[in-house]
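File shown: run.tsv (TSV, N, CA and C atoms).
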```tsv
chain	number	residue	atom	x	y	z
I	181	MET	N	129.38	144.04	138.58
I	181	MET	CA	129.34	145.30	137.85
I	181	MET	C	127.99	145.97	138.09
I	182	SER	N	128.01	147.17	138.59
I	182	SER	CA	126.80	147.95	138.83
I	182	SER	C	126.51	148.79	137.59
I	183	LEU	N	125.30	148.67	137.05
I	183	LEU	CA	124.94	149.36	135.82
I	183	LEU	C	123.53	149.91	135.95
I	184	ARG	N	123.30	151.08	135.41
I	184	ARG	CA	121.98	151.71	135.45
I	184	ARG	C	121.35	151.61	134.06
I	185	TRP	N	120.02	151.68	134.01
I	185	TRP	CA	119.35	151.61	132.72
I	185	TRP	C	119.70	152.79	131.83
I	186	ASP	N	119.77	153.98	132.39
I	186	ASP	CA	120.07	155.14	131.55
I	186	ASP	C	121.46	155.02	130.92
I	187	LYS	N	122.40	154.47	131.68
I	187	LYS	CA	123.76	154.28	131.14
I	187	LYS	C	123.77	153.20	130.06
I	188	TYR	N	123.01	152.13	130.27
I	188	TYR	CA	122.96	151.05	129.27
I	188	TYR	C	122.35	151.55	127.96
I	189	ILE	N	121.26	152.28	128.07
I	189	ILE	CA	120.59	152.79	126.87
I	189	ILE	C	121.50	153.75	126.11
I	190	TRP	N	122.25	154.56	126.84
I	190	TRP	CA	123.23	155.45	126.20
I	190	TRP	C	124.37	154.64	125.58
I	191	ALA	N	124.85	153.63	126.28
I	191	ALA	CA	126.00	152.85	125.82
I	191	ALA	C	125.71	152.06	124.55
I	192	VAL	N	124.47	151.61	124.38
I	192	VAL	CA	124.12	150.86	123.17
I	192	VAL	C	123.50	151.76	122.09
I	193	ARG	N	123.65	153.06	122.28
I	193	ARG	CA	123.30	154.08	121.30
I	193	ARG	C	121.81	154.17	120.98
I	194	LEU	N	120.95	153.92	121.97
I	194	LEU	CA	119.52	154.15	121.79
I	194	LEU	C	119.16	155.59	122.16
I	195	ALA	N	120.09	156.29	122.82
I	195	ALA	CA	119.93	157.70	123.14
I	195	ALA	C	121.27	158.39	122.94
I	196	LYS	N	121.23	159.67	122.54
I	196	LYS	CA	122.47	160.39	122.27
I	196	LYS	C	123.24	160.73	123.54
I	197	THR	N	122.52	161.04	124.63
I	197	THR	CA	123.18	161.37	125.88
I	197	THR	C	122.54	160.59	127.02
I	198	ARG	N	123.25	160.50	128.11
I	198	ARG	CA	122.72	159.80	129.28
I	198	ARG	C	121.54	160.55	129.87
I	199	SER	N	121.62	161.87	129.85
I	199	SER	CA	120.52	162.65	130.40
I	199	SER	C	119.25	162.49	129.56
I	200	GLN	N	119.39	162.36	128.24
I	200	GLN	CA	118.23	162.10	127.40
I	200	GLN	C	117.64	160.73	127.71
I	201	ALA	N	118.49	159.74	127.91
I	201	ALA	CA	118.03	158.40	128.25
I	201	ALA	C	117.27	158.42	129.58
I	202	SER	N	117.82	159.13	130.54
I	202	SER	CA	117.19	159.23	131.86
I	202	SER	C	115.83	159.92	131.76
I	203	GLU	N	115.76	160.97	130.97
I	203	GLU	CA	114.51	161.72	130.80
I	203	GLU	C	113.45	160.85	130.12
I	204	GLU	N	113.85	160.12	129.08
I	204	GLU	CA	112.91	159.25	128.37
I	204	GLU	C	112.38	158.15	129.29
I	205	LEU	N	113.24	157.59	130.12
I	205	LEU	CA	112.81	156.56	131.08
I	205	LEU	C	111.83	157.15	132.10
I	206	SER	N	112.14	158.33	132.61
I	206	SER	CA	111.29	158.97	133.62
I	206	SER	C	109.92	159.33	133.07
I	207	LYS	N	109.88	159.74	131.81
I	207	LYS	CA	108.61	160.13	131.19
I	207	LYS	C	107.80	158.93	130.70
I	208	GLY	N	108.39	157.74	130.73
I	208	GLY	CA	107.66	156.54	130.32
I	208	GLY	C	107.70	156.26	128.84
I	209	ARG	N	108.54	156.95	128.08
I	209	ARG	CA	108.67	156.68	126.64
I	209	ARG	C	109.50	155.43	126.38
I	210	ILE	N	110.34	155.09	127.35
I	210	ILE	CA	111.10	153.85	127.28
I	210	ILE	C	110.62	152.96	128.43
I	211	LYS	N	110.17	151.77	128.08
I	211	LYS	CA	109.69	150.83	129.09
I	211	LYS	C	110.52	149.56	129.03
I	212	VAL	N	110.62	148.89	130.16
I	212	VAL	CA	111.38	147.64	130.24
I	212	VAL	C	110.41	146.55	130.67
I	213	ASN	N	110.34	145.49	129.86
I	213	ASN	CA	109.41	144.38	130.09
I	213	ASN	C	107.98	144.89	130.27
I	214	GLY	N	107.62	145.93	129.50
I	214	GLY	CA	106.27	146.46	129.52
I	214	GLY	C	105.94	147.37	130.69
I	215	GLN	N	106.91	147.67	131.54
I	215	GLN	CA	106.65	148.50	132.71
I	215	GLN	C	107.55	149.73	132.71
I	216	GLN	N	107.01	150.83	133.24
I	216	GLN	CA	107.81	152.04	133.39
I	216	GLN	C	108.74	151.83	134.58
I	217	ILE	N	110.02	152.16	134.40
I	217	ILE	CA	111.00	151.98	135.48
I	217	ILE	C	111.77	153.26	135.71
I	218	LYS	N	112.50	153.30	136.80
I	218	LYS	CA	113.37	154.43	137.10
I	218	LYS	C	114.72	154.22	136.42
I	219	PRO	N	115.41	155.30	136.06
I	219	PRO	CA	116.70	155.19	135.37
I	219	PRO	C	117.77	154.45	136.18
I	220	ALA	N	117.70	154.46	137.51
I	220	ALA	CA	118.75	153.87	138.35
I	220	ALA	C	118.60	152.36	138.51
I	221	LYS	N	117.50	151.79	138.05
I	221	LYS	CA	117.30	150.34	138.19
I	221	LYS	C	118.33	149.60	137.33
I	222	GLU	N	118.68	148.38	137.74
I	222	GLU	CA	119.73	147.64	137.04
I	222	GLU	C	119.15	146.74	135.94
I	223	PRO	N	119.76	146.77	134.74
I	223	PRO	CA	119.31	145.90	133.65
I	223	PRO	C	119.80	144.46	133.85
I	224	LYS	N	119.08	143.52	133.22
I	224	LYS	CA	119.45	142.11	133.27
I	224	LYS	C	119.42	141.55	131.85
I	225	VAL	N	120.21	140.53	131.60
I	225	VAL	CA	120.23	139.88	130.30
I	225	VAL	C	118.85	139.26	130.07
I	226	GLY	N	118.30	139.48	128.88
I	226	GLY	CA	116.99	138.94	128.54
I	226	GLY	C	115.86	139.95	128.67
I	227	ASP	N	116.12	141.11	129.28
I	227	ASP	CA	115.10	142.15	129.40
I	227	ASP	C	114.73	142.67	128.01
I	228	VAL	N	113.48	143.11	127.86
I	228	VAL	CA	113.00	143.66	126.60
I	228	VAL	C	112.75	145.15	126.79
I	229	ILE	N	113.38	145.96	125.94
I	229	ILE	CA	113.24	147.42	125.98
I	229	ILE	C	112.25	147.83	124.90
I	230	SER	N	111.25	148.65	125.26
I	230	SER	CA	110.28	149.18	124.30
I	230	SER	C	110.42	150.69	124.26
I	231	ILE	N	110.67	151.23	123.07
I	231	ILE	CA	110.86	152.67	122.91
I	231	ILE	C	109.74	153.21	122.03
I	232	SER	N	108.98	154.16	122.56
I	232	SER	CA	107.88	154.78	121.80
I	232	SER	C	108.40	156.02	121.10
I	233	LYS	N	108.29	156.01	119.77
I	233	LYS	CA	108.68	157.17	118.96
I	233	LYS	C	107.49	157.53	118.08
I	234	ASN	N	106.92	158.69	118.33
I	234	ASN	CA	105.77	159.18	117.58
I	234	ASN	C	104.64	158.15	117.58
I	235	THR	N	104.42	157.44	116.48
I	235	THR	CA	103.30	156.50	116.41
I	235	THR	C	103.73	155.05	116.56
I	236	ALA	N	105.02	154.78	116.58
I	236	ALA	CA	105.52	153.40	116.58
I	236	ALA	C	106.22	153.06	117.89
I	237	THR	N	106.29	151.75	118.16
I	237	THR	CA	107.00	151.25	119.34
I	237	THR	C	108.08	150.28	118.88
I	238	PHE	N	109.33	150.61	119.15
I	238	PHE	CA	110.46	149.77	118.78
I	238	PHE	C	110.84	148.88	119.95
I	239	SER	N	111.20	147.63	119.68
I	239	SER	CA	111.54	146.67	120.74
I	239	SER	C	112.95	146.13	120.54
I	240	PHE	N	113.66	145.97	121.66
I	240	PHE	CA	115.02	145.44	121.66
I	240	PHE	C	115.17	144.48	122.82
I	241	LYS	N	115.99	143.44	122.63
I	241	LYS	CA	116.25	142.48	123.70
I	241	LYS	C	117.71	142.58	124.11
I	242	VAL	N	117.96	142.62	125.42
I	242	VAL	CA	119.32	142.74	125.96
I	242	VAL	C	120.02	141.38	125.86
I	243	LEU	N	121.17	141.36	125.18
I	243	LEU	CA	121.96	140.13	125.04
I	243	LEU	C	123.09	140.07	126.05
I	244	GLN	N	123.74	141.21	126.27
I	244	GLN	CA	124.87	141.29	127.20
I	244	GLN	C	124.86	142.66	127.87
I	245	LEU	N	125.48	142.73	129.03
I	245	LEU	CA	125.64	144.00	129.71
I	245	LEU	C	127.02	144.56	129.38
I	246	LEU	N	127.18	145.88	129.47
I	246	LEU	CA	128.46	146.49	129.17
I	246	LEU	C	128.65	147.70	130.07
I	247	ASP	N	129.89	148.15	130.19
I	247	ASP	CA	130.17	149.27	131.09
I	247	ASP	C	130.61	150.54	130.36
I	248	LYS	N	130.93	150.44	129.05
I	248	LYS	CA	131.36	151.60	128.29
I	248	LYS	C	130.55	151.69	126.99
I	249	ARG	N	130.46	152.89	126.45
I	249	ARG	CA	129.75	153.10	125.19
I	249	ARG	C	130.52	152.40	124.07
I	250	VAL	N	129.79	151.75	123.18
I	250	VAL	CA	130.42	150.98	122.10
I	250	VAL	C	130.15	151.64	120.76
I	251	GLY	N	130.96	151.29	119.78
I	251	GLY	CA	130.77	151.77	118.43
I	251	GLY	C	129.51	151.18	117.82
I	252	ALA	N	128.99	151.83	116.80
I	252	ALA	CA	127.74	151.41	116.18
I	252	ALA	C	127.80	149.97	115.64
I	253	LYS	N	128.96	149.56	115.15
I	253	LYS	CA	129.09	148.20	114.61
I	253	LYS	C	129.03	147.14	115.70
I	254	LEU	N	129.39	147.48	116.92
I	254	LEU	CA	129.42	146.51	118.01
I	254	LEU	C	128.10	146.41	118.79
I	255	VAL	N	127.15	147.27	118.49
I	255	VAL	CA	125.87	147.27	119.22
I	255	VAL	C	125.17	145.91	119.08
I	256	ALA	N	125.29	145.26	117.94
I	256	ALA	CA	124.62	143.98	117.70
I	256	ALA	C	125.09	142.89	118.67
I	257	ASP	N	126.26	143.03	119.27
I	257	ASP	CA	126.74	142.05	120.25
I	257	ASP	C	126.02	142.18	121.59
I	258	TYR	N	125.42	143.34	121.84
I	258	TYR	CA	124.81	143.62	123.14
I	258	TYR	C	123.29	143.74	123.10
I	259	LEU	N	122.73	143.90	121.91
I	259	LEU	CA	121.32	144.20	121.77
I	259	LEU	C	120.80	143.62	120.46
I	260	ILE	N	119.59	143.08	120.47
I	260	ILE	CA	118.99	142.57	119.24
I	260	ILE	C	117.66	143.28	119.01
I	261	ASP	N	117.43	143.71	117.77
I	261	ASP	CA	116.20	144.42	117.41
I	261	ASP	C	115.09	143.40	117.16
I	262	THR	N	114.02	143.48	117.94
I	262	THR	CA	112.89	142.56	117.79
I	262	THR	C	111.63	143.32	117.37
I	263	THR	N	111.78	144.47	116.73
I	263	THR	CA	110.65	145.30	116.33
I	263	THR	C	109.87	144.62	115.21
I	264	PRO	N	108.53	144.50	115.36
I	264	PRO	CA	107.72	143.92	114.27
I	264	PRO	C	107.73	144.83	113.04
I	265	LEU	N	107.56	144.25	111.86
I	265	LEU	CA	107.58	145.02	110.62
I	265	LEU	C	106.47	146.06	110.56
I	266	GLU	N	105.31	145.77	111.18
I	266	GLU	CA	104.20	146.72	111.15
I	266	GLU	C	104.59	148.03	111.84
I	267	GLU	N	105.36	147.93	112.94
I	267	GLU	CA	105.78	149.13	113.66
I	267	GLU	C	106.77	149.95	112.84
I	268	ILE	N	107.66	149.28	112.13
I	268	ILE	CA	108.63	149.98	111.28
I	268	ILE	C	107.89	150.70	110.15
I	269	GLU	N	106.88	150.04	109.57
I	269	GLU	CA	106.09	150.65	108.51
I	269	GLU	C	105.31	151.86	109.03
I	270	LYS	N	104.77	151.76	110.27
I	270	LYS	CA	104.06	152.90	110.86
I	270	LYS	C	104.99	154.09	111.01
I	271	PHE	N	106.22	153.85	111.44
I	271	PHE	CA	107.18	154.94	111.62
I	271	PHE	C	107.57	155.56	110.28
I	272	LYS	N	107.78	154.73	109.26
I	272	LYS	CA	108.13	155.25	107.93
I	272	LYS	C	106.98	156.08	107.36
I	273	THR	N	105.75	155.63	107.57
I	273	THR	CA	104.58	156.39	107.11
I	273	THR	C	104.51	157.74	107.81
I	274	TYR	N	104.78	157.74	109.11
I	274	TYR	CA	104.77	159.00	109.87
I	274	TYR	C	105.83	159.95	109.32
I	275	GLN	N	107.04	159.45	109.06
I	275	GLN	CA	108.11	160.30	108.55
I	275	GLN	C	107.74	160.88	107.19
I	276	LEU	N	107.14	160.06	106.31
I	276	LEU	CA	106.74	160.56	105.00
I	276	LEU	C	105.66	161.64	105.13
I	277	SER	N	104.72	161.44	106.04
I	277	SER	CA	103.66	162.43	106.20
I	277	SER	C	104.21	163.75	106.73
I	278	GLN	N	105.26	163.71	107.52
I	278	GLN	CA	105.86	164.94	108.04
I	278	GLN	C	106.62	165.70	106.95
I	279	GLN	N	107.14	165.00	105.96
I	279	GLN	CA	107.88	165.66	104.88
I	279	GLN	C	106.97	166.43	103.94
I	280	VAL	N	105.68	166.09	103.92
I	280	VAL	CA	104.75	166.73	103.01
I	280	VAL	C	104.52	168.19	103.38
I	281	TYR	N	104.57	168.52	104.65
I	281	TYR	CA	104.24	169.87	105.10
I	281	TYR	C	105.15	170.93	104.50
I	282	ARG	N	106.44	170.84	104.74
I	282	ARG	CA	107.41	171.79	104.19
I	282	ARG	C	108.75	171.08	104.03
I	283	GLN	N	109.50	171.54	103.06
I	283	GLN	CA	110.83	170.99	102.84
I	283	GLN	C	111.76	171.44	103.97
I	284	ASN	N	112.69	170.58	104.35
I	284	ASN	CA	113.67	170.95	105.37
I	284	ASN	C	114.50	172.13	104.89
I	285	GLY	N	114.70	173.10	105.76
I	285	GLY	CA	115.55	174.23	105.43
I	285	GLY	C	114.87	175.32	104.64
I	286	SER	N	113.56	175.18	104.39
I	286	SER	CA	112.89	176.20	103.59
I	286	SER	C	112.49	177.41	104.43
I	287	GLY	N	112.64	177.32	105.73
I	287	GLY	CA	112.35	178.46	106.60
I	287	GLY	C	110.87	178.70	106.78
I	288	LYS	N	110.56	179.87	107.27
I	288	LYS	CA	109.15	180.19	107.52
I	288	LYS	C	108.47	180.55	106.20
I	289	PRO	N	107.14	180.49	106.15
I	289	PRO	CA	106.44	180.80	104.90
I	289	PRO	C	106.66	182.25	104.47
I	290	SER	N	106.78	182.45	103.16
I	290	SER	CA	106.90	183.80	102.63
I	290	SER	C	105.53	184.47	102.66
I	291	LYS	N	105.48	185.73	102.29
I	291	LYS	CA	104.21	186.47	102.29
I	291	LYS	C	103.23	185.81	101.30
I	292	LYS	N	103.76	185.40	100.16
I	292	LYS	CA	102.92	184.74	99.15
I	292	LYS	C	102.40	183.40	99.69
I	293	ASP	N	103.29	182.62	100.33
I	293	ASP	CA	102.88	181.35	100.93
I	293	ASP	C	101.79	181.58	101.97
I	294	ARG	N	101.97	182.60	102.78
I	294	ARG	CA	101.01	182.92	103.84
I	294	ARG	C	99.63	183.23	103.25
I	295	ARG	N	99.60	184.02	102.15
I	295	ARG	CA	98.33	184.35	101.49
I	295	ARG	C	97.66	183.10	100.92
I	296	GLU	N	98.46	182.21	100.33
I	296	GLU	CA	97.90	180.97	99.79
I	296	GLU	C	97.32	180.09	100.90
I	297	ILE	N	98.01	180.05	102.03
I	297	ILE	CA	97.51	179.27	103.17
I	297	ILE	C	96.20	179.87	103.67
I	298	ASP	N	96.16	181.21	103.80
I	298	ASP	CA	94.95	181.87	104.26
I	298	ASP	C	93.78	181.64	103.30
I	299	ASP	N	94.05	181.74	101.99
I	299	ASP	CA	93.00	181.49	101.00
I	299	ASP	C	92.49	180.05	101.08
I	300	PHE	N	93.40	179.13	101.28
I	300	PHE	CA	93.02	177.72	101.40
I	300	PHE	C	92.14	177.51	102.62
I	301	LEU	N	92.51	178.10	103.73
I	301	LEU	CA	91.74	177.93	104.98
I	301	LEU	C	90.37	178.60	104.89
I	302	VAL	N	90.28	179.75	104.19
I	302	VAL	CA	89.00	180.43	104.03
I	302	VAL	C	88.05	179.55	103.21
I	303	ASP	N	88.57	178.87	102.19
I	303	ASP	CA	87.75	177.99	101.36
I	303	ASP	C	87.15	176.85	102.19
I	304	TRP	N	87.81	176.44	103.25
I	304	TRP	CA	87.32	175.34	104.07
I	304	TRP	C	86.26	175.76	105.07
I	305	GLU	N	86.13	177.06	105.31
I	305	GLU	CA	85.16	177.53	106.31
I	305	GLU	C	83.77	177.60	105.77
```

Would it be possible to restate this file's structure as structure tokens?
Amino acid sequence: MSLRWDKYIWAVRLAKTRSQASEELSKGRIKVNGQQIKPAKEPKVGDVISISKNTATFSFKVLQLLDKRVGAKLVADYLIDTTPLEEIEKFKTYQLSQQVYRQNGSGKPSKKDRREIDDFLVDWE
């Protein structure tokens, strides 16, 4: 069975599309066994995938190879999460810090918000 890394990452639901998986591999955000690889390289059982998201690095170990995309419940048969707790905490902290800026869906700042931001920034100068 011939399999590419971008297809495997898509099939085990680490990326929404194959093209996103390929792009992440090419840019070096996803590494295999600590090295940047090309999307067309073939995965092997036992390889370790490292995915960098914002401030954290998530790690997964390949248990089995597959040829088709699987449901979310079946991913555990093909991949095991080996991410340290410190990395998960770093990611949660990053997400919380991003929520402080503005509420989702609140749109751009109003005129009043803009004046308050300007007044705040003037006080810091």

Of I:Val242, I:Ile268, I:Leu276, I:Val192, the one sitting nearest I:Ile229 when using only N, CA and C atoms is I:Val242

What separates atom C of I:Leu259 and atom N of I:Lys241 is a distance of 5.3 Å

Mind listing the strand (DSSP E) residues of stretch 216-272 of chain I, per DSSP on the backbone, as a JSON list (two decimals) with N, CA and C atoms, in the coordinates of the input?
```json
[["chain", "number", "residue", "atom", "x", "y", "z"],
["I", 228, "VAL", "N", 113.48, 143.11, 127.86],
["I", 228, "VAL", "CA", 113.00, 143.66, 126.60],
["I", 228, "VAL", "C", 112.75, 145.15, 126.79],
["I", 229, "ILE", "N", 113.38, 145.96, 125.94],
["I", 229, "ILE", "CA", 113.24, 147.42, 125.98],
["I", 229, "ILE", "C", 112.25, 147.83, 124.90],
["I", 230, "SER", "N", 111.25, 148.65, 125.26],
["I", 230, "SER", "CA", 110.28, 149.18, 124.30],
["I", 230, "SER", "C", 110.42, 150.69, 124.26],
["I", 231, "ILE", "N", 110.67, 151.23, 123.07],
["I", 231, "ILE", "CA", 110.86, 152.67, 122.91],
["I", 231, "ILE", "C", 109.74, 153.21, 122.03],
["I", 232, "SER", "N", 108.98, 154.16, 122.56],
["I", 232, "SER", "CA", 107.88, 154.78, 121.80],
["I", 232, "SER", "C", 108.40, 156.02, 121.10],
["I", 233, "LYS", "N", 108.29, 156.01, 119.77],
["I", 233, "LYS", "CA", 108.68, 157.17, 118.96],
["I", 233, "LYS", "C", 107.49, 157.53, 118.08],
["I", 236, "ALA", "N", 105.02, 154.78, 116.58],
["I", 236, "ALA", "CA", 105.52, 153.40, 116.58],
["I", 236, "ALA", "C", 106.22, 153.06, 117.89],
["I", 237, "THR", "N", 106.29, 151.75, 118.16],
["I", 237, "THR", "CA", 107.00, 151.25, 119.34],
["I", 237, "THR", "C", 108.08, 150.28, 118.88],
["I", 238, "PHE", "N", 109.33, 150.61, 119.15],
["I", 238, "PHE", "CA", 110.46, 149.77, 118.78],
["I", 238, "PHE", "C", 110.84, 148.88, 119.95],
["I", 239, "SER", "N", 111.20, 147.63, 119.68],
["I", 239, "SER", "CA", 111.54, 146.67, 120.74],
["I", 239, "SER", "C", 112.95, 146.13, 120.54],
["I", 240, "PHE", "N", 113.66, 145.97, 121.66],
["I", 240, "PHE", "CA", 115.02, 145.44, 121.66],
["I", 240, "PHE", "C", 115.17, 144.48, 122.82],
["I", 241, "LYS", "N", 115.99, 143.44, 122.63],
["I", 241, "LYS", "CA", 116.25, 142.48, 123.70],
["I", 241, "LYS", "C", 117.71, 142.58, 124.11],
["I", 242, "VAL", "N", 117.96, 142.62, 125.42],
["I", 242, "VAL", "CA", 119.32, 142.74, 125.96],
["I", 242, "VAL", "C", 120.02, 141.38, 125.86],
["I", 259, "LEU", "N", 122.73, 143.90, 121.91],
["I", 259, "LEU", "CA", 121.32, 144.20, 121.77],
["I", 259, "LEU", "C", 120.80, 143.62, 120.46],
["I", 260, "ILE", "N", 119.59, 143.08, 120.47],
["I", 260, "ILE", "CA", 118.99, 142.57, 119.24],
["I", 260, "ILE", "C", 117.66, 143.28, 119.01],
["I", 261, "ASP", "N", 117.43, 143.71, 117.77],
["I", 261, "ASP", "CA", 116.20, 144.42, 117.41],
["I", 261, "ASP", "C", 115.09, 143.40, 117.16]]
```

(request) For I:Leu245, please output as an MDAnalysis selection string all residues within 7 Å (counting all atoms listed in the file; exclusion window: fewer than 5 positions along the same chain). (result) chainID I and resid 224:225 258

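Residues of stretch 245-296 of chain I that DSSP, applied to the backbone, places in alpha helix (DSSP H): I:Leu265, I:Glu266, I:Glu267, I:Ile268, I:Glu269, I:Lys270, I:Phe271, I:Lys272, I:Thr273, I:Tyr274, I:Gln275, I:Leu276, I:Ser277, I:Gln278, I:Gln279, I:Val280, I:Tyr281, I:Lys291, I:Lys292, I:Asp293, I:Arg294, I:Arg295, I:Glu296.
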
With N, CA and C atoms retained, could you export that selection as a CSV table (one decimal), in the coordinates of the input?
```
chain,number,residue,atom,x,y,z
I,265,LEU,N,107.6,144.2,111.9
I,265,LEU,CA,107.6,145.0,110.6
I,265,LEU,C,106.5,146.1,110.6
I,266,GLU,N,105.3,145.8,111.2
I,266,GLU,CA,104.2,146.7,111.2
I,266,GLU,C,104.6,148.0,111.8
I,267,GLU,N,105.4,147.9,112.9
I,267,GLU,CA,105.8,149.1,113.7
I,267,GLU,C,106.8,150.0,112.8
I,268,ILE,N,107.7,149.3,112.1
I,268,ILE,CA,108.6,150.0,111.3
I,268,ILE,C,107.9,150.7,110.2
I,269,GLU,N,106.9,150.0,109.6
I,269,GLU,CA,106.1,150.6,108.5
I,269,GLU,C,105.3,151.9,109.0
I,270,LYS,N,104.8,151.8,110.3
I,270,LYS,CA,104.1,152.9,110.9
I,270,LYS,C,105.0,154.1,111.0
I,271,PHE,N,106.2,153.8,111.4
I,271,PHE,CA,107.2,154.9,111.6
I,271,PHE,C,107.6,155.6,110.3
I,272,LYS,N,107.8,154.7,109.3
I,272,LYS,CA,108.1,155.2,107.9
I,272,LYS,C,107.0,156.1,107.4
I,273,THR,N,105.8,155.6,107.6
I,273,THR,CA,104.6,156.4,107.1
I,273,THR,C,104.5,157.7,107.8
I,274,TYR,N,104.8,157.7,109.1
I,274,TYR,CA,104.8,159.0,109.9
I,274,TYR,C,105.8,160.0,109.3
I,275,GLN,N,107.0,159.4,109.1
I,275,GLN,CA,108.1,160.3,108.6
I,275,GLN,C,107.7,160.9,107.2
I,276,LEU,N,107.1,160.1,106.3
I,276,LEU,CA,106.7,160.6,105.0
I,276,LEU,C,105.7,161.6,105.1
I,277,SER,N,104.7,161.4,106.0
I,277,SER,CA,103.7,162.4,106.2
I,277,SER,C,104.2,163.8,106.7
I,278,GLN,N,105.3,163.7,107.5
I,278,GLN,CA,105.9,164.9,108.0
I,278,GLN,C,106.6,165.7,107.0
I,279,GLN,N,107.1,165.0,106.0
I,279,GLN,CA,107.9,165.7,104.9
I,279,GLN,C,107.0,166.4,103.9
I,280,VAL,N,105.7,166.1,103.9
I,280,VAL,CA,104.8,166.7,103.0
I,280,VAL,C,104.5,168.2,103.4
I,281,TYR,N,104.6,168.5,104.6
I,281,TYR,CA,104.2,169.9,105.1
I,281,TYR,C,105.2,170.9,104.5
I,291,LYS,N,105.5,185.7,102.3
I,291,LYS,CA,104.2,186.5,102.3
I,291,LYS,C,103.2,185.8,101.3
I,292,LYS,N,103.8,185.4,100.2
I,292,LYS,CA,102.9,184.7,99.2
I,292,LYS,C,102.4,183.4,99.7
I,293,ASP,N,103.3,182.6,100.3
I,293,ASP,CA,102.9,181.4,100.9
I,293,ASP,C,101.8,181.6,102.0
I,294,ARG,N,102.0,182.6,102.8
I,294,ARG,CA,101.0,182.9,103.8
I,294,ARG,C,99.6,183.2,103.2
I,295,ARG,N,99.6,184.0,102.2
I,295,ARG,CA,98.3,184.4,101.5
I,295,ARG,C,97.7,183.1,100.9
I,296,GLU,N,98.5,182.2,100.3
I,296,GLU,CA,97.9,181.0,99.8
I,296,GLU,C,97.3,180.1,100.9
```

List the spatial neighbours of I:Ile217 as a PyMOL selection string - criterion: any atom at most 6.5 Å away, only N, CA and C atoms, same-chain residues fewer than 5 positions off excluded. chain I and resi 205-206+208+210-212

Please save N, CA and C atoms of the selected residues as a compact mmCIF listing (two decimals), keeping the file's coordinate frame.
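Result written to result-v1.txt:
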```txt
# COMPACT_ATOMS: atom_id res chain seq x y z
N LEU I 205 113.24 157.59 130.12
CA LEU I 205 112.81 156.56 131.08
C LEU I 205 111.83 157.15 132.10
N SER I 206 112.14 158.33 132.61
CA SER I 206 111.29 158.97 133.62
C SER I 206 109.92 159.33 133.07
N GLY I 208 108.39 157.74 130.73
CA GLY I 208 107.66 156.54 130.32
C GLY I 208 107.70 156.26 128.84
N ILE I 210 110.34 155.09 127.35
CA ILE I 210 111.10 153.85 127.28
C ILE I 210 110.62 152.96 128.43
N LYS I 211 110.17 151.77 128.08
CA LYS I 211 109.69 150.83 129.09
C LYS I 211 110.52 149.56 129.03
N VAL I 212 110.62 148.89 130.16
CA VAL I 212 111.38 147.64 130.24
C VAL I 212 110.41 146.55 130.67
```

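Relative to atom C of I:Pro223, atom N of I:Ser239 is found at 16.9 Å.
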
For stretch 237-244 of chain I, I'd like the enclosing box, axis-aligned and padded by 3 Å on every side, reported as AutoDock Vina command-line options with centre and edge lengths in Å to one decimal.
```
--center_x 115.6 --center_y 145.9 --center_z 123.0 --size_x 24.6 --size_y 17.7 --size_z 15.7
```

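Distances here use only C-alpha atoms; by that measure, the residue among I:Ala220, I:Val250, I:Leu301, I:Ala191 closest to I:Glu203 is I:Ala220.
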
| message | Give me the residues near I:Asp247 as an NGL selection string, where near means some atom within 8 Å (using all atoms listed in the file) and where sequence neighbours in that chain fewer than 6 positions away do not count. | response | :I and (181-183 or 187-188 or 191)
